[in-house]
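Text of the file target_36.txt, holding compact mmCIF, C-alpha atoms and all ligand atoms:
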```
# COMPACT_ATOMS: atom_id res chain seq x y z
CA MET A 1119 142.21 129.34 86.34
CA GLU A 1120 142.08 125.71 87.43
CA LYS A 1121 139.56 125.05 90.24
CA ILE A 1122 139.10 122.01 92.47
CA LEU A 1123 135.81 121.20 94.16
CA VAL A 1124 136.09 119.19 97.39
CA VAL A 1125 133.01 117.28 98.53
CA ASN A 1126 132.49 115.73 101.96
CA ALA A 1127 129.04 114.14 101.96
CA GLY A 1128 127.42 112.72 105.10
CA SER A 1129 123.91 111.47 105.85
CA SER A 1130 122.42 114.86 106.73
CA SER A 1131 124.94 117.29 105.28
CA VAL A 1132 127.11 117.94 102.26
CA LYS A 1133 130.15 120.11 102.92
CA PHE A 1134 132.02 121.63 99.99
CA ARG A 1135 135.06 123.78 99.35
CA VAL A 1136 136.37 125.36 96.19
CA TYR A 1137 140.13 125.83 95.79
CA SER A 1138 141.91 127.66 93.03
CA VAL A 1139 145.26 126.32 91.92
CA GLU A 1140 147.73 129.17 92.09
CA GLU A 1141 151.32 129.48 90.99
CA ARG A 1142 153.59 126.54 91.80
CA ALA A 1143 150.57 124.36 92.59
CA THR A 1144 149.66 126.16 95.82
CA LEU A 1145 145.99 126.01 96.75
CA GLN A 1146 143.84 128.95 97.74
CA GLN A 1147 140.43 128.31 99.28
CA VAL A 1148 137.89 130.57 97.57
CA ILE A 1149 134.55 129.22 98.78
CA SER A 1150 133.57 127.17 101.82
CA GLY A 1151 130.00 126.00 102.24
CA GLN A 1152 127.60 123.32 103.29
CA ILE A 1153 124.03 122.18 103.02
CA ASP A 1154 122.88 120.73 106.32
CA GLY A 1155 119.53 119.51 107.61
CA ILE A 1156 118.97 117.49 104.41
CA GLY A 1157 115.36 116.20 104.32
CA VAL A 1158 114.48 117.96 107.58
CA ARG A 1159 115.43 121.64 107.56
CA PRO A 1160 117.75 122.12 104.59
CA ARG A 1161 119.95 125.19 104.71
CA LEU A 1162 122.68 126.31 102.31
CA LYS A 1163 125.40 128.41 103.87
CA ALA A 1164 128.61 129.52 102.24
CA SER A 1165 131.36 132.05 102.68
CA GLY A 1166 134.16 133.35 100.47
CA THR A 1167 137.78 134.31 100.98
CA GLY A 1168 138.09 136.41 104.11
CA ASP A 1169 134.96 134.71 105.53
CA GLU A 1170 132.46 137.07 103.88
CA LYS A 1171 128.99 135.53 103.81
CA LEU A 1172 127.88 134.58 100.29
CA ILE A 1173 124.57 132.86 101.04
CA ASP A 1174 122.44 131.69 103.98
CA ARG A 1175 119.22 130.27 102.64
CA SER A 1176 116.68 127.75 103.96
CA TYR A 1177 114.77 125.35 101.72
CA ASP A 1178 111.63 123.30 101.94
CA PRO A 1179 112.48 119.65 102.87
CA ASN A 1180 110.80 118.55 99.61
CA GLU A 1181 113.28 120.61 97.61
CA ILE A 1182 116.29 118.92 99.23
CA PRO A 1183 115.13 115.48 100.43
CA ASP A 1184 118.47 113.68 99.89
CA VAL A 1185 122.19 113.99 99.14
CA ALA A 1186 121.57 113.92 95.36
CA SER A 1187 119.28 116.97 95.45
CA ALA A 1188 121.69 118.75 97.83
CA MET A 1189 124.46 118.23 95.26
CA ARG A 1190 122.25 119.61 92.51
CA VAL A 1191 121.30 122.73 94.52
CA ALA A 1192 124.88 123.43 95.64
CA GLY A 1193 126.20 122.76 92.10
CA ALA A 1194 123.63 125.10 90.51
CA TRP A 1195 124.45 127.84 93.02
CA LEU A 1196 128.20 127.51 92.42
CA ARG A 1197 127.74 127.52 88.65
CA ASP A 1198 124.93 130.03 88.11
CA VAL A 1199 125.44 132.48 90.97
CA GLN A 1200 129.16 132.21 91.72
CA HIS A 1201 130.13 131.40 88.12
CA VAL A 1202 132.62 128.79 89.31
CA THR A 1203 133.88 126.32 86.73
CA PHE A 1204 135.64 123.26 88.20
CA THR A 1205 138.33 121.32 86.50
CA SER A 1206 138.34 118.39 88.95
CA ILE A 1207 136.59 117.10 92.06
CA GLY A 1208 138.02 115.47 95.20
CA HIS A 1209 135.82 113.40 97.51
CA ARG A 1210 136.14 112.20 101.06
CA VAL A 1211 135.38 108.48 101.15
CA VAL A 1212 135.41 106.84 104.54
CA HIS A 1213 136.40 103.33 103.45
CA GLY A 1214 139.03 102.23 100.97
CA GLY A 1215 138.87 98.59 102.14
CA PRO A 1216 142.04 96.48 102.29
CA ASN A 1217 143.29 97.48 98.84
CA PHE A 1218 143.18 101.27 98.49
CA ASP A 1219 146.17 102.62 100.38
CA ARG A 1220 146.21 105.97 98.57
CA PRO A 1221 143.84 108.34 96.75
CA ILE A 1222 142.68 107.21 93.34
CA CYS A 1223 141.02 108.62 90.23
CA VAL A 1224 137.52 107.12 90.07
CA ASP A 1225 135.95 105.45 87.08
CA GLU A 1226 133.07 102.97 86.88
CA ALA A 1227 135.30 100.03 87.85
CA VAL A 1228 136.76 101.79 90.92
CA LEU A 1229 133.31 102.94 91.98
CA ALA A 1230 131.99 99.37 91.73
CA ASP A 1231 134.92 98.25 93.93
CA LEU A 1232 134.19 100.95 96.51
CA GLU A 1233 130.51 99.97 96.60
CA ARG A 1234 131.64 96.54 97.83
CA TYR A 1235 132.78 98.22 101.06
CA VAL A 1236 129.31 99.56 101.92
CA PRO A 1237 128.75 96.70 104.43
CA LEU A 1238 131.98 97.78 106.20
CA ALA A 1239 130.68 101.35 106.72
CA PRO A 1240 126.92 101.19 106.15
CA LEU A 1241 126.16 104.63 107.56
CA HIS A 1242 128.91 106.55 105.78
CA GLN A 1243 130.03 104.84 102.57
CA PRO A 1244 126.71 105.12 100.63
CA ASN A 1245 126.55 108.87 101.32
CA ASN A 1246 130.19 109.35 100.32
CA LEU A 1247 129.69 107.46 97.06
CA ALA A 1248 126.35 109.00 96.06
CA PRO A 1249 127.85 112.30 94.80
CA ILE A 1250 130.56 110.42 92.85
CA ARG A 1251 127.93 108.33 91.10
CA ILE A 1252 125.77 111.39 90.30
CA LEU A 1253 128.71 113.39 88.95
CA LEU A 1254 130.10 110.43 86.99
CA GLU A 1255 126.75 110.06 85.23
CA ARG A 1256 126.33 113.77 84.58
CA PHE A 1257 129.90 114.67 83.70
CA PRO A 1258 131.62 111.43 82.63
CA ASP A 1259 134.82 113.23 81.60
CA MET A 1260 135.24 115.25 84.79
CA PRO A 1261 138.23 113.85 86.76
CA GLN A 1262 137.13 112.73 90.23
CA VAL A 1263 139.51 111.57 92.95
CA ALA A 1264 138.47 109.51 95.99
CA CYS A 1265 140.47 110.15 99.19
CA PHE A 1266 140.09 107.57 101.94
CA ASP A 1267 139.94 107.90 105.71
CA THR A 1268 141.49 104.46 105.98
CA ALA A 1269 144.41 104.96 103.56
CA PHE A 1270 146.89 106.61 105.97
CA HIS A 1271 146.66 103.54 108.24
CA ARG A 1272 147.16 100.87 105.59
CA GLY A 1273 150.86 100.60 106.39
CA HIS A 1274 150.16 99.13 109.86
CA SER A 1275 152.09 95.99 110.69
CA ASP A 1276 150.32 92.66 110.32
CA VAL A 1277 150.03 92.24 114.10
CA ALA A 1278 148.40 95.66 114.44
CA ASP A 1279 146.04 95.00 111.52
CA ARG A 1280 144.65 91.78 113.05
CA TYR A 1281 141.97 90.71 115.45
CA ALA A 1282 142.54 87.31 117.09
CA ILE A 1283 139.99 85.62 114.85
CA PRO A 1284 140.35 82.99 112.11
CA ASP A 1285 142.28 84.11 109.07
CA LYS A 1286 139.30 83.51 106.77
CA LEU A 1287 137.55 86.58 108.22
CA TYR A 1288 140.69 88.68 107.88
CA ALA A 1289 140.94 87.64 104.24
CA GLU A 1290 137.41 88.84 103.59
CA GLY A 1291 138.15 92.22 105.14
CA VAL A 1292 137.59 92.02 108.90
CA ARG A 1293 140.64 94.10 109.84
CA ARG A 1294 141.64 96.96 112.09
CA TYR A 1295 141.46 99.71 109.48
CA GLY A 1296 141.48 102.91 111.55
CA PHE A 1297 139.81 106.15 110.40
CA HIS A 1298 140.27 109.97 110.41
CA GLY A 1299 143.31 109.27 108.21
CA LEU A 1300 143.02 112.47 106.16
CA SER A 1301 143.12 114.51 109.35
CA TYR A 1302 146.18 112.63 110.68
CA GLU A 1303 147.96 112.90 107.37
CA TYR A 1304 147.35 116.66 107.33
CA VAL A 1305 148.61 117.06 110.91
CA ALA A 1306 151.71 114.95 110.16
CA GLU A 1307 152.41 117.17 107.16
CA ARG A 1308 151.97 120.35 109.26
CA MET A 1309 154.37 118.91 111.85
CA ARG A 1310 156.98 118.52 109.11
CA GLU A 1311 156.45 122.17 108.11
CA LEU A 1312 156.20 123.69 111.61
CA MET A 1313 158.68 121.58 113.61
CA PRO A 1314 160.76 119.35 111.37
CA ASP A 1315 162.96 118.33 114.30
CA ARG A 1316 159.94 116.72 116.05
CA ALA A 1317 158.10 115.37 113.00
CA GLY A 1318 160.19 112.22 112.72
CA GLY A 1319 159.71 111.31 116.41
CA ARG A 1320 157.09 109.34 118.31
CA ILE A 1321 153.82 111.28 118.10
CA ILE A 1322 150.26 110.72 119.28
CA VAL A 1323 147.61 112.83 117.55
CA ALA A 1324 144.23 113.10 119.29
CA HIS A 1325 141.46 113.98 116.82
CA LEU A 1326 138.74 115.04 119.25
CA GLY A 1327 135.60 116.08 117.38
CA SER A 1328 132.09 114.65 117.47
CA GLY A 1329 133.82 111.54 116.16
CA ALA A 1330 137.04 110.98 118.11
CA SER A 1331 140.10 108.81 117.73
CA MET A 1332 143.82 108.84 118.36
CA CYS A 1333 146.70 107.80 116.13
CA ALA A 1334 150.28 106.77 116.86
CA ILE A 1335 152.70 108.17 114.29
CA GLN A 1336 156.38 107.34 113.82
CA ASN A 1337 158.58 108.73 111.04
CA GLY A 1338 155.49 110.49 109.71
CA ARG A 1339 153.55 107.23 109.25
CA SER A 1340 150.62 105.78 111.18
CA VAL A 1341 151.59 102.71 113.18
CA GLU A 1342 148.47 102.26 115.35
CA SER A 1343 144.97 103.69 115.78
CA THR A 1344 142.30 103.53 118.48
CA MET A 1345 139.71 102.80 115.79
CA GLY A 1346 139.43 99.42 114.13
CA PHE A 1347 137.04 97.60 111.83
CA THR A 1348 134.50 100.42 112.12
CA ALA A 1349 134.48 103.97 113.46
CA LEU A 1350 132.78 102.66 116.63
CA ASP A 1351 135.93 101.50 118.39
CA GLY A 1352 138.34 103.29 120.71
CA LEU A 1353 137.50 106.55 122.47
CA PRO A 1354 134.00 107.45 123.64
CA MET A 1355 132.56 110.01 121.19
CA GLY A 1356 129.61 112.38 120.95
CA THR A 1357 127.09 109.58 120.43
CA ARG A 1358 129.24 106.39 120.09
CA PRO A 1359 130.49 104.42 123.08
CA GLY A 1360 133.98 103.65 121.84
CA GLN A 1361 135.56 100.38 122.96
CA ILE A 1362 132.92 98.10 124.44
CA ASP A 1363 132.98 94.43 125.37
CA PRO A 1364 131.35 92.50 122.47
CA GLY A 1365 129.48 90.69 125.25
CA VAL A 1366 127.40 93.86 125.72
CA VAL A 1367 126.31 93.65 122.09
CA LEU A 1368 125.39 89.98 122.55
CA TYR A 1369 123.42 90.93 125.66
CA LEU A 1370 121.46 93.60 123.75
CA LEU A 1371 120.67 91.08 121.00
CA SER A 1372 119.80 88.06 123.09
CA GLU A 1373 118.51 89.43 126.41
CA LYS A 1374 116.99 92.74 125.31
CA GLY A 1375 115.63 91.32 122.05
CA MET A 1376 117.02 94.18 119.98
CA SER A 1377 117.40 93.67 116.23
CA PRO A 1378 120.86 94.14 114.64
CA ALA A 1379 119.56 97.36 113.04
CA ALA A 1380 118.35 98.66 116.42
CA VAL A 1381 121.71 97.82 118.03
CA GLN A 1382 123.52 99.62 115.21
CA ASP A 1383 121.34 102.70 115.67
CA PHE A 1384 121.88 102.56 119.43
CA LEU A 1385 125.66 102.28 119.15
CA TYR A 1386 126.02 105.07 116.58
CA LYS A 1387 123.45 107.52 117.92
CA GLU A 1388 122.51 107.00 121.57
CA CYS A 1389 125.73 106.26 123.44
CA GLY A 1390 128.97 108.14 124.14
CA LEU A 1391 128.81 111.54 125.84
CA LYS A 1392 125.11 111.78 125.00
CA GLY A 1393 124.21 108.42 126.53
CA LEU A 1394 126.42 108.76 129.58
CA SER A 1395 125.54 112.39 130.41
CA GLY A 1396 121.86 111.96 129.64
CA ILE A 1397 121.74 115.52 128.27
CA SER A 1398 123.97 116.24 125.25
CA ASN A 1399 126.67 115.04 122.90
CA ASP A 1400 128.24 118.51 122.84
CA VAL A 1401 131.19 119.08 125.18
CA ARG A 1402 130.24 122.78 125.47
CA ASP A 1403 126.87 121.84 127.02
CA LEU A 1404 128.53 119.35 129.37
CA LEU A 1405 131.12 121.86 130.54
CA GLN A 1406 128.37 124.32 131.44
CA SER A 1407 126.28 121.87 133.41
CA SER A 1408 126.61 121.33 137.16
CA GLU A 1409 124.71 117.99 137.10
CA PRO A 1410 126.47 114.70 137.98
CA GLY A 1411 125.72 112.97 134.60
CA PRO A 1412 127.62 115.49 132.45
CA ALA A 1413 130.50 115.58 134.96
CA LEU A 1414 130.78 111.77 134.81
CA ALA A 1415 130.68 111.80 130.99
CA LEU A 1416 133.57 114.30 130.81
CA ASP A 1417 135.56 112.41 133.46
CA HIS A 1418 135.09 109.21 131.46
CA PHE A 1419 136.17 110.93 128.22
CA VAL A 1420 139.35 112.29 129.84
CA TYR A 1421 140.05 108.96 131.58
CA ARG A 1422 139.75 107.01 128.34
CA ILE A 1423 142.02 109.42 126.46
CA GLY A 1424 144.56 108.84 129.23
CA LEU A 1425 144.21 105.04 128.95
CA TYR A 1426 144.55 105.10 125.18
CA THR A 1427 147.61 107.33 125.40
CA GLY A 1428 149.29 104.51 127.33
CA TYR A 1429 148.12 101.98 124.73
CA LEU A 1430 149.44 104.02 121.80
CA ALA A 1431 152.66 104.97 123.63
CA ALA A 1432 153.29 101.22 124.01
CA SER A 1433 152.98 100.81 120.23
CA LEU A 1434 155.64 103.54 119.83
CA ASN A 1435 157.91 102.32 122.66
CA GLY A 1436 157.65 105.78 124.21
CA LEU A 1437 156.37 109.22 123.35
CA ASP A 1438 157.92 112.54 122.31
CA SER A 1439 154.95 114.68 121.22
CA PHE A 1440 151.20 114.79 121.81
CA VAL A 1441 149.04 116.83 119.41
CA PHE A 1442 145.44 117.99 119.87
CA THR A 1443 143.22 118.57 116.84
CA ALA A 1444 139.52 118.83 115.71
CA GLY A 1445 136.64 120.67 117.46
CA ILE A 1446 137.32 119.84 121.12
CA GLY A 1447 141.10 119.55 120.69
CA GLU A 1448 141.42 122.88 118.88
CA ARG A 1449 138.94 124.94 120.89
CA SER A 1450 138.64 123.76 124.47
CA ALA A 1451 141.55 124.89 126.66
CA GLN A 1452 139.70 123.43 129.64
CA MET A 1453 139.55 119.92 128.16
CA ARG A 1454 143.18 120.14 127.01
CA ALA A 1455 144.24 121.14 130.53
CA ARG A 1456 142.37 118.18 132.03
CA ILE A 1457 143.82 115.73 129.52
CA GLY A 1458 147.29 117.25 129.95
CA GLU A 1459 147.08 116.61 133.68
CA LYS A 1460 146.32 112.93 132.99
CA LEU A 1461 149.49 112.76 130.90
CA GLY A 1462 151.69 114.05 133.72
CA TRP A 1463 153.23 110.58 134.22
CA LEU A 1464 154.47 110.77 130.61
CA GLY A 1465 156.16 114.09 131.31
CA ALA A 1466 153.42 116.53 130.19
CA ASN A 1467 153.41 119.92 131.86
CA ILE A 1468 150.84 122.27 130.31
CA ASP A 1469 151.57 126.01 130.31
CA PRO A 1470 148.20 127.60 131.26
CA GLU A 1471 148.93 130.83 129.42
CA ALA A 1472 149.93 129.19 126.12
CA ASN A 1473 147.01 126.79 126.46
CA GLY A 1474 144.55 129.65 127.03
CA GLU A 1475 145.83 131.33 123.86
CA ASN A 1476 145.45 128.15 121.73
CA ALA A 1477 149.18 128.46 120.98
CA LEU A 1478 150.95 125.94 118.76
CA ARG A 1479 153.02 124.65 121.70
CA ILE A 1480 150.98 124.52 124.90
CA SER A 1481 153.46 122.63 127.07
CA HIS A 1482 155.86 124.48 129.34
CA PRO A 1483 159.43 124.78 127.96
CA SER A 1484 160.51 122.46 130.81
CA SER A 1485 157.92 119.81 129.84
CA ARG A 1486 159.54 116.51 128.82
CA LEU A 1487 156.57 115.75 126.55
CA GLY A 1488 155.91 118.37 123.85
CA VAL A 1489 152.17 119.10 123.72
CA TYR A 1490 150.78 120.95 120.70
CA VAL A 1491 147.58 122.21 119.06
CA ILE A 1492 147.45 121.88 115.28
CA PRO A 1493 144.13 122.73 113.60
CA THR A 1494 143.22 120.05 111.08
CA ASN A 1495 142.09 120.65 107.50
CA GLU A 1496 140.82 117.47 105.87
CA GLU A 1497 139.40 119.37 102.89
CA LEU A 1498 142.76 120.95 102.03
CA MET A 1499 144.35 117.48 102.27
CA ILE A 1500 141.75 116.19 99.77
CA ALA A 1501 142.41 119.10 97.41
CA LYS A 1502 146.18 118.46 97.59
CA HIS A 1503 145.67 114.76 96.88
CA THR A 1504 143.34 115.54 93.99
CA LEU A 1505 145.91 117.82 92.41
CA ALA A 1506 148.74 115.34 93.01
CA VAL A 1507 146.86 112.31 91.66
CA LEU A 1508 145.83 114.13 88.52
CA SER A 1509 149.27 115.63 87.93
CA ALA A 1510 150.93 112.24 88.47
CA ALA A 1511 148.54 110.68 86.01
CA GLY A 1512 149.84 113.25 83.55
CA SER A 1513 146.22 114.09 83.16
CA ASP A 1514 146.64 117.69 82.18
CA ASP A 1515 144.59 116.84 79.16
CA ALA A 1516 141.91 115.18 81.23
CA VAL A 1517 141.86 118.12 83.62
CA HIS A 1518 141.34 120.63 80.88
CA ARG A 1519 139.22 118.47 78.61
CA ARG A 1520 135.97 119.20 80.29
CA THR A 1521 134.57 121.73 82.73
CA ALA A 1522 131.20 121.84 84.45
P1 LIG A 1601 133.00 116.99 113.40
O1 LIG A 1601 133.63 115.95 114.27
O2 LIG A 1601 131.51 116.89 113.35
O3 LIG A 1601 133.66 117.17 112.06
P2 LIG A 1601 134.34 119.09 114.88
O4 LIG A 1601 135.68 118.51 114.70
O5 LIG A 1601 134.20 120.55 114.61
O6 LIG A 1601 133.21 118.39 114.08
O7 LIG A 1601 133.91 118.82 116.40
C1 LIG A 1601 132.63 119.15 116.84
C2 LIG A 1601 132.59 119.02 118.36
O8 LIG A 1601 133.58 119.89 118.94
C3 LIG A 1601 131.27 119.49 118.96
O9 LIG A 1601 130.38 118.43 119.10
C4 LIG A 1601 131.66 120.04 120.30
O10 LIG A 1601 131.47 119.05 121.29
C5 LIG A 1601 133.13 120.32 120.21
N1 LIG A 1601 133.45 121.74 120.37
C6 LIG A 1601 133.45 122.71 119.43
N2 LIG A 1601 133.82 123.89 119.97
C7 LIG A 1601 134.06 123.67 121.27
C8 LIG A 1601 134.48 124.48 122.38
N3 LIG A 1601 134.71 125.78 122.25
N4 LIG A 1601 134.62 123.88 123.58
C9 LIG A 1601 134.39 122.57 123.74
N5 LIG A 1601 134.00 121.75 122.74
C10 LIG A 1601 133.83 122.29 121.54
```

Would you kindly transcribe this structure into structure tokens?
Ligand code: ADP
Amino acid sequence: MEKILVVNAGSSSVKFRVYSVEERATLQQVISGQIDGIGVRPRLKASGTGDEKLIDRSYDPNEIPDVASAMRVAGAWLRDVQHVTFTSIGHRVVHGGPNFDRPICVDEAVLADLERYVPLAPLHQPNNLAPIRILLERFPDMPQVACFDTAFHRGHSDVADRYAIPDKLYAEGVRRYGFHGLSYEYVAERMRELMPDRAGGRIIVAHLGSGASMCAIQNGRSVESTMGFTALDGLPMGTRPGQIDPGVVLYLLSEKGMSPAAVQDFLYKECGLKGLSGISNDVRDLLQSSEPGPALALDHFVYRIGLYTGYLAASLNGLDSFVFTAGIGERSAQMRARIGEKLGWLGANIDPEANGENALRISHPSSRLGVYVIPTNEELMIAKHTLAVLSAAGSDDAVHRRTA
């Protein structure tokens, strides 16, 4: 049976999923796993259908020092222990630059193009591309599809896509790309399935995980995002500050004598909930604390989500539905209740019982604004894209030509 491997590679972890293609092109997840702690405390964990544990094994850091070795270990385990044979591979790639507005089958030329966007996402893009390069060299005939976090936002209007800077910089790629696109695309698709009468309306989706952003959607398409040129902009996140006056960056460079690399490290790893609370980037820790720092960090997070709801509602000329997704959005009734209260002026009225049960609709039937919780599934979105791209390419031959 045809099997799709989905790879989501970061700097310290490689997440993978295996899907089997069932009748009428439906996808069934058969294995879900990850190697985390790469180079520090590597650990391979995976589970099968029905969540049964298939492996939980730690490795010496020398055995898995980097993403390439993690791919080899995970690949060997899938092949030799699980006897899985893939027919195609889908990858999450954070940046598709100005040109890639949809998933694409990767060959050497496409990969070279994607490597040009490394300066636009220096912390993510190299890790996303490393597995593609390794697999392309090892299995040159294996179809690989790159799915971009930026693609869903590429239809933004010209005014939304711009910063007020000279056109020359825009032409070379300094644009408001927006990220988390695979998550938003999945949620928009689920809205069409679950509540078709709402799906065409004016929707804000709040993807609140360790990275966090919000997206304005109209007629199922992204029209605006809180993120821009990089995944640093917009909402405060676990360790990133979100929107910050560029003057602060200039201050760090000129007055504090920090190097550009040190500023980058600071902005990606030391700010956000972690920096403001002084104790943790994890909302669960902050909710449990009775100290003033964590309380301030959560207040700031909720306040900023409220501000950005106004910003995105303006891009939509109003608002019909607000959807929570990702770690915090899917699991914390307390944070949803606090955010819901901030949206009272837009007509939100959260039903405490439905909210406590993580129901699909958590707003009261009398609420003017519909408020929902829709769990995201970026990996399934990638698998669907992979199947669609390869079917559209009429690549049945390519799909069955070679297995690994
Ligand atoms: P990522 O953004 O890394 O893909 P998630 O979307 O799963 O991951 O979000 C992870 C974040 O979700 C954690 O950092 C944590 O702050 C938050 N989180 C997870 N579960 C809960 C919970 N029950 N209550 C509050 N926050 C939670």

Counting all atoms listed in the file, the option among A:Ala1306, A:Leu1464, A:Ala1239, A:Ala1324 closest to Glu1448 (chain A): A:Ala1324

Each residue of chain A lying at most 8 Å from ligand LIG 1601 (chain A) should get a row with its shortest atom-to-atom pair and the distance in Å to one decimal, counting all atoms listed in the file; could you produce that, ordered by chain and increasing number, as a tab-separated table?
```
residue	atom	partner	partner_atom	distance
A:His1325	CA	A:LIG1601	O4	7.6
A:Leu1326	CA	A:LIG1601	O4	6.5
A:Gly1327	CA	A:LIG1601	O7	3.4
A:Ser1328	CA	A:LIG1601	O1	3.8
A:Gly1329	CA	A:LIG1601	O1	4.8
A:Ala1330	CA	A:LIG1601	O1	7.1
A:Gly1356	CA	A:LIG1601	O9	6.4
A:Asn1399	CA	A:LIG1601	O9	6.3
A:Asp1400	CA	A:LIG1601	O10	3.6
A:Val1401	CA	A:LIG1601	O10	3.9
A:Arg1402	CA	A:LIG1601	C9	4.5
A:Asp1403	CA	A:LIG1601	O10	7.9
A:Leu1405	CA	A:LIG1601	C9	7.6
A:Thr1443	CA	A:LIG1601	O4	7.8
A:Ala1444	CA	A:LIG1601	O4	4.0
A:Gly1445	CA	A:LIG1601	O7	3.5
A:Ile1446	CA	A:LIG1601	N5	4.2
A:Gly1447	CA	A:LIG1601	N5	7.7
A:Glu1448	CA	A:LIG1601	N2	7.7
A:Arg1449	CA	A:LIG1601	N3	4.5
A:Ser1450	CA	A:LIG1601	N4	4.1
A:Ala1451	CA	A:LIG1601	N4	7.7
A:Gln1452	CA	A:LIG1601	N4	7.9
A:Met1453	CA	A:LIG1601	C9	7.3
```

Quick check, in Å to one decimal: how far apart do CA of Tyr1281 (chain A) and CA of Leu1350 (chain A) lie?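 It comes out at 15.1 Å.
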
Between CA of Phe1134 (chain A) and CA of Tyr1235 (chain A), what distance in Å does the model show, to one decimal?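 The value is 23.4 Å.
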
With all atoms listed in the file as the basis for distance, which of A:Glu1226, A:Tyr1302, A:Asp1276, A:Glu1233 is at the shortest distance from Leu1253 (chain A)?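 Closest to Leu1253 (chain A), using all atoms listed in the file: A:Glu1226.
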
Find the residue from A:Asp1267, A:Glu1307, A:Ala1186, A:Phe1347 that sits nearest to Leu1287 (chain A); use all atoms listed in the file when measuring. A:Phe1347

Give me the residues near Pro1410 (chain A) as a CSV table (one decimal) with C-alpha atoms, in the frame of the given file, where near means some atom within 12 Å (using only C-alpha atoms) and where sequence neighbours in that chain fewer than 6 positions away do not count.
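Output file part.csv follows:
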```csv
chain,number,residue,atom,x,y,z
A,1394,LEU,CA,126.4,108.8,129.6
A,1395,SER,CA,125.5,112.4,130.4
A,1396,GLY,CA,121.9,112.0,129.6
A,1397,ILE,CA,121.7,115.5,128.3
A,1404,LEU,CA,128.5,119.4,129.4
A,1416,LEU,CA,133.6,114.3,130.8
A,1417,ASP,CA,135.6,112.4,133.5
```

Selection: 10 Å around region 1206-1208 of chain A, only C-alpha atoms, excl. self and same-chain fewer than 4 positions, as a ChimeraX atom specification: /A:1120-1126,1134-1136,1221-1224,1250,1253,1259-1265,1497-1505,1508,1516-1518,1520-1522

Near Asp1219 (chain A), within 12 Å and counting only C-alpha atoms, which residues show up once chain neighbours fewer than 3 positions away are dropped, as a ChimeraX atom specification? /A:1213-1216,1222,1264-1274,1295,1299-1300

Would you put the residues from that selection into a file with C-alpha atoms, as a PDB file, keeping the file's coordinate frame?
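Final output, again20.pdb:
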```
ATOM      1  CA  HIS A1213     136.400 103.330 103.450  1.00  0.00           C
ATOM      2  CA  GLY A1214     139.030 102.230 100.970  1.00  0.00           C
ATOM      3  CA  GLY A1215     138.870  98.590 102.140  1.00  0.00           C
ATOM      4  CA  PRO A1216     142.040  96.480 102.290  1.00  0.00           C
ATOM      5  CA  ILE A1222     142.680 107.210  93.340  1.00  0.00           C
ATOM      6  CA  ALA A1264     138.470 109.510  95.990  1.00  0.00           C
ATOM      7  CA  CYS A1265     140.470 110.150  99.190  1.00  0.00           C
ATOM      8  CA  PHE A1266     140.090 107.570 101.940  1.00  0.00           C
ATOM      9  CA  ASP A1267     139.940 107.900 105.710  1.00  0.00           C
ATOM     10  CA  THR A1268     141.490 104.460 105.980  1.00  0.00           C
ATOM     11  CA  ALA A1269     144.410 104.960 103.560  1.00  0.00           C
ATOM     12  CA  PHE A1270     146.890 106.610 105.970  1.00  0.00           C
ATOM     13  CA  HIS A1271     146.660 103.540 108.240  1.00  0.00           C
ATOM     14  CA  ARG A1272     147.160 100.870 105.590  1.00  0.00           C
ATOM     15  CA  GLY A1273     150.860 100.600 106.390  1.00  0.00           C
ATOM     16  CA  HIS A1274     150.160  99.130 109.860  1.00  0.00           C
ATOM     17  CA  TYR A1295     141.460  99.710 109.480  1.00  0.00           C
ATOM     18  CA  GLY A1299     143.310 109.270 108.210  1.00  0.00           C
ATOM     19  CA  LEU A1300     143.020 112.470 106.160  1.00  0.00           C
TER      20      LEU A1300
END
```

Interatomic distance, CA of Gly1360 (chain A) to CA of Phe1218 (chain A) (Å, one decimal): 25.2 Å

May I have the protein, DNA and RNA residues with any atom at most 10 Å from the point (152.1, 115.5, 122.6), counting all atoms listed in the file, written as a ChimeraX atom specification? /A:1320-1324,1427,1437-1442,1458,1461,1464-1466,1479-1481,1486-1491

Using all atoms listed in the file, which residues sit within 12 Å of Ser1275 (chain A) once same-chain residues fewer than 2 positions away are excluded, as number ranges by chain? A: 1271-1273, 1277-1280, 1293-1295, 1339-1343, 1433

Would you please work out which residue, of A:Leu1353, A:Ala1511, A:Ile1335, A:Ala1188, is nearest to Arg1159 (chain A) when using only C-alpha atoms? A:Ala1188

Top pick for closest residue to Ser1484 (chain A), considering A:Asn1467, A:Glu1496, A:Arg1197, A:Gln1336 and counting all atoms listed in the file: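 Once distances to Ser1484 (chain A) are computed over all atoms listed in the file, the minimum belongs to A:Asn1467.
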